[in-house]
Amino acid sequence: MGTEPALCGPFLIHRHDRVFESCCPFCGLVCDDVRVEVEASGVRVERPDCARARSLFAVPATGQSRIGGQPVEAIAALRAAAALLAQARRPLIGGLACDVAGQRAALDLAERVGGVVEHMNGAAQFRNWLAFQDSGWMTTTLSEVRNRADLIVFAGTDASRFPRFFERCIDAGSQFGPLERTVITLGATPAGGRGTAHAIEPVDLAALFADLRIRLAGGTGAPNGIGGVPAATLDALLASMKAARYGVLVWNAAELDFPHADLTVQAMVELVRDLNRETRWAGLPLGGSDGDTSASQVCTWRTGYPLRVGFEPAGPRYEPLLFEASRLLAAGEADTLLWVSVFDPARTPPETACPRIVLGRPDMRLDAMGPQDVFIPVAVPGVHHAGILHRMDGVVSLPLQGPSPSALFSAAQALAAIQREMTHAAA
Ligand code: SF4
């Protein structure tokens with residue numbers, strides 16, 4: 001079997017004819033230890049033993065373009081998409097679940113058509129961004145968690161949406177020698193099945209963290225505890241937090257799904273800040289799946305704002321509340337939806353009254369397509385073509401390989417082709 005070394009980013013990837021070692025794009029961990037084998041039937045994950053990776057790497061290399069549910073040639077779908085965008089007054093470029101190149105192309109197109117850009121995980125992202133913009137935050141990286149954290153407190157999450165979080169970040173040994181860790185969960189079930197869990201509803205977490213701040217400052221906390229967590233438990237929890245050498249508070253904004261949850265994030269951020277007067281603490285916001293970290297990074301490079309940006313004659317306009325995707329669609333303020341979703345076939349576009357253009361994985365199924373709806377199958381970065389994706393902590397962008405090339409357009413190519421069709425039609 002021949003080999004072809006390929007330099008990609010900081011990694012030297014050794015390609016054998018059929019076996020590739022690369023990064024996995026299918027959750028925010030972007031694990032860099034994945035080995036896949038390309039077989040006649042498709043891509044098979046040799047390692048790790050991750051059900052999500054096994055399921056999502058198995059994607060067909062071909063797909064069918066459709067208009068109104070009817071099969072059409074790819075060029076017809078591109079022209080129909082171009083025509084819809086050309087006549088739109090305020091298109092919404094949503095989903096944005098793709099690699100960095102796709103997100104750059106989406107911003108190019110949004111700038112041309114005067115669109116608003118928003119990620120499919122925008123509701124969760126903005127719970128974090130609103131807190132971050134208000135006061136800043138002290139966060140850490142996955143590597144720091146692995147190498148230094150001796151107390152990890154999970155708040156409202158058990159991290160199970162990131163299948164290998166414990167394997168990669170908690171159970172893996174520190175590079176700097178033996179490290180004893182304690183895991184505490186503020187939620188129904190112990191994260192990773194270990195440590196202690198204190199049952200509390202996510203909506204009560206903000207009050208709990210505010211109470212801990214009062215106790216930390218020498219004040220008297222709630223005498224009867226908070227949200228079912230007794231006062232004595234709160235005192236013991238705070239004592240553990242103060243005794244940690246490197247504590248990490250972990251949350252997943254997607255699981256804080258209630259009104260004004262940005263204030264819960266704010267309470268966590270403020271507790272972390274206060275704890276740093278006693279010892280070392282950091283936050284770790286879980287996320288990054290569906291390319292959401294990349295999307296906010298790319299939008300920030302390009303416009304100075306982390307999504308929910310509208311392109312207007314005077315320049316990019318940031319409106320974190322007005323440009324929320326579901327609000328724009330419900331209010332009829334967006335008249336065309338372009339939805340990009342290349343990682344997970346279950347992340348389909350929302351039902352809406354306006355025409356939809358969908359750039360999706362070839363195995364995405366749209367139950368009900370309106371007569372003007374356009375579906376364009378696109379290749380998956382990390383499976384069909386190379387690309388770049390940011391990990392959830394935002395400190396590294398990782399190279400994706402394309403072990404199983406496809407004739408399908410990448411998302412970036414499809415978006416550029418739509419722009420070309422708009423130019424041809426206008427000429
Ligand atoms: S944990 Fe996430 S990134 Fe890692 S292999 Fe599984 S799906 Fe891929």
# chains A, B, ... in the order shown; residues from 1 in each chain; ligands from 1
$ residues_near_ligand --ligand "ligand 1" --cutoff "9 Å" --atoms "only C-alpha atoms and all ligand atoms" --output "JSON, numbers by chain"
{"A": [23, 24, 25, 26, 27, 28, 29, 30, 31, 32, 33, 34, 47, 48, 49, 50, 51, 52, 53, 54, 55, 56, 161, 162, 163, 164, 165, 167, 168, 289, 391]}
$ select_by_dssp --residues "stretch 114-204 of chain A" --states "strand (DSSP E or B)" --output "ChimeraX atom specification"
/A:116-117,139,151-155,182-186,196-198
$ closest_residue --among "A:Ala83, A:Val116, A:Leu400, A:Ala97" --to "A:Ala386" --atoms "only C-alpha atoms"
A:Leu400
$ residues_around --residues "A:Arg194" --least-positions-apart "2" --cutoff "12 Å" --atoms "only C-alpha atoms" --output "list in words"
Ile152, Val153, Phe154, Asp158, Phe166, Ile170, Asp171, Arg181, Thr182, Val183, Ile184, Thr185, Thr189, Pro190, Ala191, Gly192, Thr196 and Ala197 of chain A
$ write_last_selection --atoms "all heavy atoms" --output "compact mmCIF listing (two decimals), in the first residue's frame"
# COMPACT_ATOMS: atom_id res chain seq x y z
N ILE A 152 -13.62 20.32 38.94
CA ILE A 152 -14.43 20.70 37.79
C ILE A 152 -15.88 20.66 38.23
O ILE A 152 -16.38 19.63 38.68
CB ILE A 152 -14.22 19.75 36.59
CG1 ILE A 152 -12.73 19.70 36.21
CG2 ILE A 152 -15.01 20.21 35.38
CD1 ILE A 152 -12.05 18.43 36.56
N VAL A 153 -16.54 21.81 38.14
CA VAL A 153 -17.95 21.93 38.52
C VAL A 153 -18.77 22.08 37.25
O VAL A 153 -18.56 23.02 36.47
CB VAL A 153 -18.17 23.13 39.46
CG1 VAL A 153 -19.66 23.29 39.77
CG2 VAL A 153 -17.38 22.95 40.76
N PHE A 154 -19.68 21.15 37.02
CA PHE A 154 -20.57 21.20 35.87
C PHE A 154 -21.88 21.85 36.31
O PHE A 154 -22.51 21.38 37.26
CB PHE A 154 -20.85 19.79 35.33
CG PHE A 154 -19.65 19.16 34.68
CD1 PHE A 154 -18.68 18.53 35.45
CD2 PHE A 154 -19.48 19.22 33.31
CE1 PHE A 154 -17.57 17.96 34.85
CE2 PHE A 154 -18.37 18.66 32.71
CZ PHE A 154 -17.41 18.02 33.48
N ASP A 158 -24.25 17.80 31.82
CA ASP A 158 -23.38 16.66 32.15
C ASP A 158 -22.39 16.41 31.02
O ASP A 158 -21.72 15.38 30.99
CB ASP A 158 -24.21 15.40 32.44
CG ASP A 158 -25.08 14.99 31.25
OD1 ASP A 158 -24.94 15.60 30.17
OD2 ASP A 158 -25.88 14.05 31.40
N PHE A 166 -15.20 13.55 28.60
CA PHE A 166 -14.50 13.00 29.77
C PHE A 166 -13.25 12.24 29.34
O PHE A 166 -12.19 12.35 29.97
CB PHE A 166 -15.46 12.12 30.58
CG PHE A 166 -16.23 12.92 31.58
CD1 PHE A 166 -17.36 13.61 31.21
CD2 PHE A 166 -15.79 13.02 32.89
CE1 PHE A 166 -18.06 14.39 32.12
CE2 PHE A 166 -16.47 13.80 33.81
CZ PHE A 166 -17.61 14.49 33.42
N ILE A 170 -10.94 14.91 30.97
CA ILE A 170 -10.96 14.65 32.42
C ILE A 170 -10.17 13.38 32.73
O ILE A 170 -9.29 13.38 33.60
CB ILE A 170 -12.41 14.49 32.93
CG1 ILE A 170 -13.26 15.71 32.51
CG2 ILE A 170 -12.43 14.29 34.43
CD1 ILE A 170 -12.93 16.99 33.20
N ASP A 171 -10.48 12.30 32.02
CA ASP A 171 -9.82 11.03 32.32
C ASP A 171 -8.39 10.99 31.80
O ASP A 171 -7.56 10.24 32.32
CB ASP A 171 -10.62 9.86 31.72
CG ASP A 171 -12.00 9.76 32.36
OD1 ASP A 171 -12.16 10.28 33.49
OD2 ASP A 171 -12.90 9.19 31.74
N ARG A 181 -8.44 14.66 40.65
CA ARG A 181 -9.52 15.56 40.26
C ARG A 181 -10.78 15.24 41.06
O ARG A 181 -11.05 14.09 41.37
CB ARG A 181 -9.86 15.39 38.78
CG ARG A 181 -8.73 15.56 37.81
CD ARG A 181 -9.30 15.46 36.41
NE ARG A 181 -8.30 15.21 35.39
CZ ARG A 181 -7.63 16.16 34.75
NH1 ARG A 181 -7.84 17.41 35.06
NH2 ARG A 181 -6.75 15.86 33.81
N THR A 182 -11.55 16.29 41.29
CA THR A 182 -12.87 16.13 41.88
C THR A 182 -13.89 16.70 40.90
O THR A 182 -13.67 17.76 40.31
CB THR A 182 -12.97 16.90 43.22
OG1 THR A 182 -11.97 16.39 44.10
CG2 THR A 182 -14.34 16.74 43.85
N VAL A 183 -14.98 15.96 40.71
CA VAL A 183 -16.05 16.41 39.82
C VAL A 183 -17.31 16.62 40.64
O VAL A 183 -17.71 15.75 41.42
CB VAL A 183 -16.31 15.35 38.71
CG1 VAL A 183 -17.54 15.75 37.88
CG2 VAL A 183 -15.09 15.20 37.82
N ILE A 184 -17.91 17.78 40.48
CA ILE A 184 -19.19 18.10 41.15
C ILE A 184 -20.16 18.56 40.06
O ILE A 184 -19.78 19.35 39.19
CB ILE A 184 -19.00 19.21 42.20
CG1 ILE A 184 -18.05 18.74 43.31
CG2 ILE A 184 -20.35 19.62 42.79
CD1 ILE A 184 -17.69 19.83 44.32
N THR A 185 -21.38 18.07 40.14
CA THR A 185 -22.39 18.48 39.16
C THR A 185 -23.52 19.21 39.86
O THR A 185 -24.04 18.73 40.88
CB THR A 185 -22.96 17.26 38.41
OG1 THR A 185 -21.88 16.53 37.84
CG2 THR A 185 -23.92 17.69 37.31
N THR A 189 -28.01 14.60 37.26
CA THR A 189 -27.18 13.39 37.21
C THR A 189 -25.71 13.76 37.21
O THR A 189 -25.31 14.76 36.60
CB THR A 189 -27.49 12.58 35.93
OG1 THR A 189 -27.37 13.44 34.79
CG2 THR A 189 -28.88 11.99 35.97
N PRO A 190 -24.88 12.96 37.87
CA PRO A 190 -23.45 13.28 37.91
C PRO A 190 -22.84 13.25 36.51
O PRO A 190 -23.01 12.27 35.78
CB PRO A 190 -22.85 12.17 38.78
CG PRO A 190 -23.99 11.45 39.40
CD PRO A 190 -25.20 11.71 38.57
N ALA A 191 -22.17 14.32 36.14
CA ALA A 191 -21.53 14.36 34.82
C ALA A 191 -20.51 13.24 34.71
O ALA A 191 -19.72 13.01 35.62
CB ALA A 191 -20.86 15.72 34.63
N GLY A 192 -20.56 12.53 33.61
CA GLY A 192 -19.61 11.44 33.39
C GLY A 192 -19.82 10.28 34.34
O GLY A 192 -18.97 9.39 34.42
N THR A 196 -20.13 13.90 42.79
CA THR A 196 -21.42 14.12 43.43
C THR A 196 -22.26 15.06 42.58
O THR A 196 -21.72 15.92 41.88
CB THR A 196 -21.25 14.74 44.82
OG1 THR A 196 -20.38 15.88 44.69
CG2 THR A 196 -20.64 13.76 45.80
N ALA A 197 -23.58 14.87 42.67
CA ALA A 197 -24.51 15.75 41.97
C ALA A 197 -25.46 16.36 42.98
O ALA A 197 -25.93 15.67 43.89
CB ALA A 197 -25.29 14.97 40.91
$ select_by_dssp --residues "stretch 68-106 of chain A" --states "alpha helix (DSSP H)" --output "list of chain:residue names"
A:Ala74, A:Ile75, A:Ala76, A:Ala77, A:Leu78, A:Arg79, A:Ala80, A:Ala81, A:Ala82, A:Ala83, A:Leu84, A:Leu85, A:Ala86, A:Gln87, A:Val100, A:Ala101, A:Gly102, A:Gln103, A:Arg104, A:Ala105, A:Ala106
$ write_last_selection --atoms "N, CA, C and O atoms" --output "PDB file, in the first residue's frame"
ATOM      1  N   ALA A  74     -28.246  20.304 -11.190  1.00  0.00           N
ATOM      2  CA  ALA A  74     -27.631  21.199 -10.199  1.00  0.00           C
ATOM      3  C   ALA A  74     -27.658  22.651 -10.679  1.00  0.00           C
ATOM      4  O   ALA A  74     -27.929  23.572  -9.891  1.00  0.00           O
ATOM      5  N   ILE A  75     -27.424  22.872 -11.972  1.00  0.00           N
ATOM      6  CA  ILE A  75     -27.371  24.250 -12.476  1.00  0.00           C
ATOM      7  C   ILE A  75     -28.742  24.926 -12.353  1.00  0.00           C
ATOM      8  O   ILE A  75     -28.835  26.126 -12.071  1.00  0.00           O
ATOM      9  N   ALA A  76     -29.796  24.155 -12.536  1.00  0.00           N
ATOM     10  CA  ALA A  76     -31.143  24.728 -12.395  1.00  0.00           C
ATOM     11  C   ALA A  76     -31.392  25.152 -10.951  1.00  0.00           C
ATOM     12  O   ALA A  76     -31.999  26.205 -10.687  1.00  0.00           O
ATOM     13  N   ALA A  77     -30.911  24.340 -10.019  1.00  0.00           N
ATOM     14  CA  ALA A  77     -31.084  24.688  -8.601  1.00  0.00           C
ATOM     15  C   ALA A  77     -30.285  25.945  -8.260  1.00  0.00           C
ATOM     16  O   ALA A  77     -30.770  26.827  -7.542  1.00  0.00           O
ATOM     17  N   LEU A  78     -29.062  26.034  -8.794  1.00  0.00           N
ATOM     18  CA  LEU A  78     -28.247  27.226  -8.525  1.00  0.00           C
ATOM     19  C   LEU A  78     -28.923  28.471  -9.094  1.00  0.00           C
ATOM     20  O   LEU A  78     -28.949  29.535  -8.454  1.00  0.00           O
ATOM     21  N   ARG A  79     -29.481  28.352 -10.298  1.00  0.00           N
ATOM     22  CA  ARG A  79     -30.139  29.521 -10.912  1.00  0.00           C
ATOM     23  C   ARG A  79     -31.402  29.907 -10.153  1.00  0.00           C
ATOM     24  O   ARG A  79     -31.698  31.095  -9.983  1.00  0.00           O
ATOM     25  N   ALA A  80     -32.129  28.916  -9.693  1.00  0.00           N
ATOM     26  CA  ALA A  80     -33.338  29.227  -8.918  1.00  0.00           C
ATOM     27  C   ALA A  80     -32.963  29.923  -7.611  1.00  0.00           C
ATOM     28  O   ALA A  80     -33.627  30.880  -7.181  1.00  0.00           O
ATOM     29  N   ALA A  81     -31.885  29.443  -6.986  1.00  0.00           N
ATOM     30  CA  ALA A  81     -31.426  30.082  -5.742  1.00  0.00           C
ATOM     31  C   ALA A  81     -31.001  31.517  -6.017  1.00  0.00           C
ATOM     32  O   ALA A  81     -31.331  32.443  -5.250  1.00  0.00           O
ATOM     33  N   ALA A  82     -30.280  31.716  -7.120  1.00  0.00           N
ATOM     34  CA  ALA A  82     -29.828  33.071  -7.468  1.00  0.00           C
ATOM     35  C   ALA A  82     -31.018  33.988  -7.713  1.00  0.00           C
ATOM     36  O   ALA A  82     -31.024  35.156  -7.281  1.00  0.00           O
ATOM     37  N   ALA A  83     -32.041  33.471  -8.381  1.00  0.00           N
ATOM     38  CA  ALA A  83     -33.217  34.302  -8.672  1.00  0.00           C
ATOM     39  C   ALA A  83     -33.946  34.687  -7.385  1.00  0.00           C
ATOM     40  O   ALA A  83     -34.388  35.833  -7.221  1.00  0.00           O
ATOM     41  N   LEU A  84     -34.066  33.744  -6.463  1.00  0.00           N
ATOM     42  CA  LEU A  84     -34.736  34.058  -5.194  1.00  0.00           C
ATOM     43  C   LEU A  84     -33.973  35.135  -4.425  1.00  0.00           C
ATOM     44  O   LEU A  84     -34.569  36.073  -3.882  1.00  0.00           O
ATOM     45  N   LEU A  85     -32.662  35.002  -4.388  1.00  0.00           N
ATOM     46  CA  LEU A  85     -31.871  35.977  -3.629  1.00  0.00           C
ATOM     47  C   LEU A  85     -31.863  37.341  -4.315  1.00  0.00           C
ATOM     48  O   LEU A  85     -31.841  38.381  -3.651  1.00  0.00           O
ATOM     49  N   ALA A  86     -31.883  37.338  -5.649  1.00  0.00           N
ATOM     50  CA  ALA A  86     -31.849  38.614  -6.372  1.00  0.00           C
ATOM     51  C   ALA A  86     -33.106  39.438  -6.104  1.00  0.00           C
ATOM     52  O   ALA A  86     -33.055  40.673  -6.080  1.00  0.00           O
ATOM     53  N   GLN A  87     -34.223  38.762  -5.886  1.00  0.00           N
ATOM     54  CA  GLN A  87     -35.463  39.521  -5.678  1.00  0.00           C
ATOM     55  C   GLN A  87     -35.776  39.729  -4.199  1.00  0.00           C
ATOM     56  O   GLN A  87     -36.729  40.436  -3.864  1.00  0.00           O
ATOM     57  N   VAL A 100     -14.784  26.974   7.694  1.00  0.00           N
ATOM     58  CA  VAL A 100     -14.421  28.392   7.613  1.00  0.00           C
ATOM     59  C   VAL A 100     -14.600  28.928   6.193  1.00  0.00           C
ATOM     60  O   VAL A 100     -15.121  30.034   5.994  1.00  0.00           O
ATOM     61  N   ALA A 101     -14.203  28.153   5.187  1.00  0.00           N
ATOM     62  CA  ALA A 101     -14.340  28.632   3.808  1.00  0.00           C
ATOM     63  C   ALA A 101     -15.809  28.872   3.467  1.00  0.00           C
ATOM     64  O   ALA A 101     -16.154  29.867   2.810  1.00  0.00           O
ATOM     65  N   GLY A 102     -16.677  27.988   3.911  1.00  0.00           N
ATOM     66  CA  GLY A 102     -18.101  28.163   3.654  1.00  0.00           C
ATOM     67  C   GLY A 102     -18.646  29.397   4.348  1.00  0.00           C
ATOM     68  O   GLY A 102     -19.465  30.139   3.796  1.00  0.00           O
ATOM     69  N   GLN A 103     -18.173  29.625   5.566  1.00  0.00           N
ATOM     70  CA  GLN A 103     -18.675  30.794   6.299  1.00  0.00           C
ATOM     71  C   GLN A 103     -18.187  32.096   5.669  1.00  0.00           C
ATOM     72  O   GLN A 103     -18.925  33.086   5.617  1.00  0.00           O
ATOM     73  N   ARG A 104     -16.962  32.080   5.165  1.00  0.00           N
ATOM     74  CA  ARG A 104     -16.481  33.280   4.461  1.00  0.00           C
ATOM     75  C   ARG A 104     -17.337  33.540   3.225  1.00  0.00           C
ATOM     76  O   ARG A 104     -17.711  34.687   2.929  1.00  0.00           O
ATOM     77  N   ALA A 105     -17.645  32.468   2.494  1.00  0.00           N
ATOM     78  CA  ALA A 105     -18.456  32.627   1.283  1.00  0.00           C
ATOM     79  C   ALA A 105     -19.866  33.093   1.631  1.00  0.00           C
ATOM     80  O   ALA A 105     -20.475  33.883   0.894  1.00  0.00           O
ATOM     81  N   ALA A 106     -20.391  32.620   2.763  1.00  0.00           N
ATOM     82  CA  ALA A 106     -21.729  33.053   3.184  1.00  0.00           C
ATOM     83  C   ALA A 106     -21.734  34.546   3.496  1.00  0.00           C
ATOM     84  O   ALA A 106     -22.692  35.263   3.170  1.00  0.00           O
TER      85      ALA A 106
END
$ closest_residue --among "A:Ser326, A:Ser404, A:Thr293, A:Gln64" --to "A:Ile376" --atoms "only C-alpha atoms"
A:Gln64
$ residues_around --residues "A:Pro230" --least-positions-apart "4" --cutoff "12 Å" --atoms "only C-alpha atoms" --output "ChimeraX atom specification"
/A:198-200,208,211,221-226,234-237
$ write_last_selection --atoms "N, CA, C and O atoms" --output "mmCIF file, in the first residue's frame"
data_model
loop_
_atom_site.group_PDB
_atom_site.id
_atom_site.type_symbol
_atom_site.label_atom_id
_atom_site.label_comp_id
_atom_site.auth_asym_id
_atom_site.auth_seq_id
_atom_site.Cartn_x
_atom_site.Cartn_y
_atom_site.Cartn_z
ATOM 1 N N HIS A 198 -25.702 17.649 42.842
ATOM 2 C CA HIS A 198 -26.687 18.347 43.667
ATOM 3 C C HIS A 198 -27.818 18.757 42.740
ATOM 4 O O HIS A 198 -27.631 19.625 41.872
ATOM 5 N N ALA A 199 -28.967 18.130 42.908
ATOM 6 C CA ALA A 199 -30.077 18.369 41.985
ATOM 7 C C ALA A 199 -30.581 19.801 42.116
ATOM 8 O O ALA A 199 -30.878 20.272 43.223
ATOM 9 N N ILE A 200 -30.649 20.489 41.006
ATOM 10 C CA ILE A 200 -31.171 21.856 40.965
ATOM 11 C C ILE A 200 -31.629 22.116 39.543
ATOM 12 O O ILE A 200 -31.018 21.627 38.582
ATOM 13 N N LEU A 208 -28.269 30.528 42.677
ATOM 14 C CA LEU A 208 -27.256 29.777 43.433
ATOM 15 C C LEU A 208 -25.889 30.451 43.336
ATOM 16 O O LEU A 208 -25.192 30.630 44.341
ATOM 17 N N ASP A 211 -25.771 33.593 45.297
ATOM 18 C CA ASP A 211 -25.669 33.283 46.727
ATOM 19 C C ASP A 211 -24.234 32.913 47.095
ATOM 20 O O ASP A 211 -23.710 33.340 48.142
ATOM 21 N N GLY A 221 -25.667 34.054 53.232
ATOM 22 C CA GLY A 221 -26.452 33.561 52.113
ATOM 23 C C GLY A 221 -27.860 33.210 52.544
ATOM 24 O O GLY A 221 -28.245 33.383 53.706
ATOM 25 N N ALA A 222 -28.629 32.700 51.601
ATOM 26 C CA ALA A 222 -30.009 32.314 51.905
ATOM 27 C C ALA A 222 -30.010 31.236 52.976
ATOM 28 O O ALA A 222 -29.366 30.190 52.803
ATOM 29 N N PRO A 223 -30.719 31.456 54.103
ATOM 30 C CA PRO A 223 -30.640 30.497 55.221
ATOM 31 C C PRO A 223 -31.194 29.123 54.867
ATOM 32 O O PRO A 223 -30.768 28.120 55.447
ATOM 33 N N ASN A 224 -32.125 29.073 53.918
ATOM 34 C CA ASN A 224 -32.723 27.779 53.557
ATOM 35 C C ASN A 224 -32.153 27.213 52.260
ATOM 36 O O ASN A 224 -32.728 26.305 51.671
ATOM 37 N N GLY A 225 -31.058 27.776 51.820
ATOM 38 C CA GLY A 225 -30.455 27.278 50.591
ATOM 39 C C GLY A 225 -31.146 27.835 49.358
ATOM 40 O O GLY A 225 -32.003 28.717 49.439
ATOM 41 N N ILE A 226 -30.766 27.308 48.213
ATOM 42 C CA ILE A 226 -31.271 27.803 46.924
ATOM 43 C C ILE A 226 -31.712 26.625 46.065
ATOM 44 O O ILE A 226 -30.946 25.670 45.871
ATOM 45 N N LEU A 234 -24.251 24.446 50.240
ATOM 46 C CA LEU A 234 -23.654 25.611 49.570
ATOM 47 C C LEU A 234 -22.350 26.013 50.254
ATOM 48 O O LEU A 234 -21.359 26.336 49.585
ATOM 49 N N ASP A 235 -22.341 25.975 51.577
ATOM 50 C CA ASP A 235 -21.103 26.309 52.300
ATOM 51 C C ASP A 235 -19.994 25.310 51.962
ATOM 52 O O ASP A 235 -18.838 25.692 51.748
ATOM 53 N N ALA A 236 -20.366 24.031 51.916
ATOM 54 C CA ALA A 236 -19.354 23.002 51.612
ATOM 55 C C ALA A 236 -18.846 23.147 50.179
ATOM 56 O O ALA A 236 -17.646 22.995 49.906
ATOM 57 N N LEU A 237 -19.775 23.461 49.270
ATOM 58 C CA LEU A 237 -19.373 23.650 47.869
ATOM 59 C C LEU A 237 -18.399 24.817 47.750
ATOM 60 O O LEU A 237 -17.357 24.720 47.080
#
$ residues_around --residues "A:Gln125" --least-positions-apart "2" --cutoff "8 Å" --atoms "only C-alpha atoms" --output "ChimeraX atom specification"
/A:121-123,127-129,253-254,292
$ residues_around --residues "A:Pro362" --least-positions-apart "2" --cutoff "6 Å" --atoms "only C-alpha atoms" --output "ChimeraX atom specification"
/A:63,364,377
$ residues_around --residues "A:Arg148" --least-positions-apart "4" --cutoff "8 Å" --atoms "only C-alpha atoms" --output "PyMOL selection string"
chain A and resi 144+174+179+246
$ write_last_selection --atoms "all heavy atoms" --output "PDB file, in the first residue's frame"
ATOM      1  N   GLU A 144      -5.868  23.068  29.145  1.00  0.00           N
ATOM      2  CA  GLU A 144      -5.681  23.484  30.533  1.00  0.00           C
ATOM      3  C   GLU A 144      -6.537  22.636  31.471  1.00  0.00           C
ATOM      4  O   GLU A 144      -6.103  22.281  32.570  1.00  0.00           O
ATOM      5  CB  GLU A 144      -6.035  24.967  30.688  1.00  0.00           C
ATOM      6  CG  GLU A 144      -4.976  25.913  30.149  1.00  0.00           C
ATOM      7  CD  GLU A 144      -3.806  26.046  31.109  1.00  0.00           C
ATOM      8  OE1 GLU A 144      -3.878  26.885  32.014  1.00  0.00           O
ATOM      9  OE2 GLU A 144      -2.823  25.295  30.937  1.00  0.00           O
ATOM     10  N   SER A 174      -2.707  14.363  33.165  1.00  0.00           N
ATOM     11  CA  SER A 174      -2.010  15.627  32.940  1.00  0.00           C
ATOM     12  C   SER A 174      -0.621  15.356  32.375  1.00  0.00           C
ATOM     13  O   SER A 174       0.033  14.381  32.740  1.00  0.00           O
ATOM     14  CB  SER A 174      -1.893  16.389  34.252  1.00  0.00           C
ATOM     15  OG  SER A 174      -0.979  17.450  34.116  1.00  0.00           O
ATOM     16  N   LEU A 179      -2.428  13.990  38.875  1.00  0.00           N
ATOM     17  CA  LEU A 179      -3.353  15.071  39.215  1.00  0.00           C
ATOM     18  C   LEU A 179      -4.650  14.443  39.700  1.00  0.00           C
ATOM     19  O   LEU A 179      -5.315  13.731  38.953  1.00  0.00           O
ATOM     20  CB  LEU A 179      -3.607  15.941  37.979  1.00  0.00           C
ATOM     21  CG  LEU A 179      -4.604  17.095  38.119  1.00  0.00           C
ATOM     22  CD1 LEU A 179      -4.144  18.079  39.188  1.00  0.00           C
ATOM     23  CD2 LEU A 179      -4.765  17.812  36.784  1.00  0.00           C
ATOM     24  N   TYR A 246      -6.819  24.771  40.864  1.00  0.00           N
ATOM     25  CA  TYR A 246      -7.221  25.257  39.540  1.00  0.00           C
ATOM     26  C   TYR A 246      -8.633  24.726  39.314  1.00  0.00           C
ATOM     27  O   TYR A 246      -8.816  23.556  38.973  1.00  0.00           O
ATOM     28  CB  TYR A 246      -6.265  24.749  38.461  1.00  0.00           C
ATOM     29  CG  TYR A 246      -6.423  25.418  37.096  1.00  0.00           C
ATOM     30  CD1 TYR A 246      -5.337  26.017  36.473  1.00  0.00           C
ATOM     31  CD2 TYR A 246      -7.649  25.438  36.426  1.00  0.00           C
ATOM     32  CE1 TYR A 246      -5.460  26.626  35.226  1.00  0.00           C
ATOM     33  CE2 TYR A 246      -7.787  26.046  35.189  1.00  0.00           C
ATOM     34  CZ  TYR A 246      -6.684  26.639  34.599  1.00  0.00           C
ATOM     35  OH  TYR A 246      -6.818  27.237  33.367  1.00  0.00           O
TER      36      TYR A 246
END
$ closest_residue --among "A:Ser294, A:Thr233, A:Ser65, A:Gln266" --to "A:Gln133" --atoms "only C-alpha atoms"
A:Gln266
$ atom_distance --atom1 "atom CA of A:Phe343" --atom2 "atom CA of A:Arg35"
18.0 Å
$ closest_residue --among "A:Ala61, A:Val248, A:Leu92, A:Ala353" --to "A:Glu324" --atoms "only C-alpha atoms"
A:Leu92
$ closest_residue --among "A:Val145, A:Ser22, A:Pro405, A:Leu321" --to "A:Val309" --atoms "only C-alpha atoms"
A:Leu321
$ atom_distance --atom1 "atom CA of A:Phe209" --atom2 "atom CA of A:Thr157"
15.1 Å
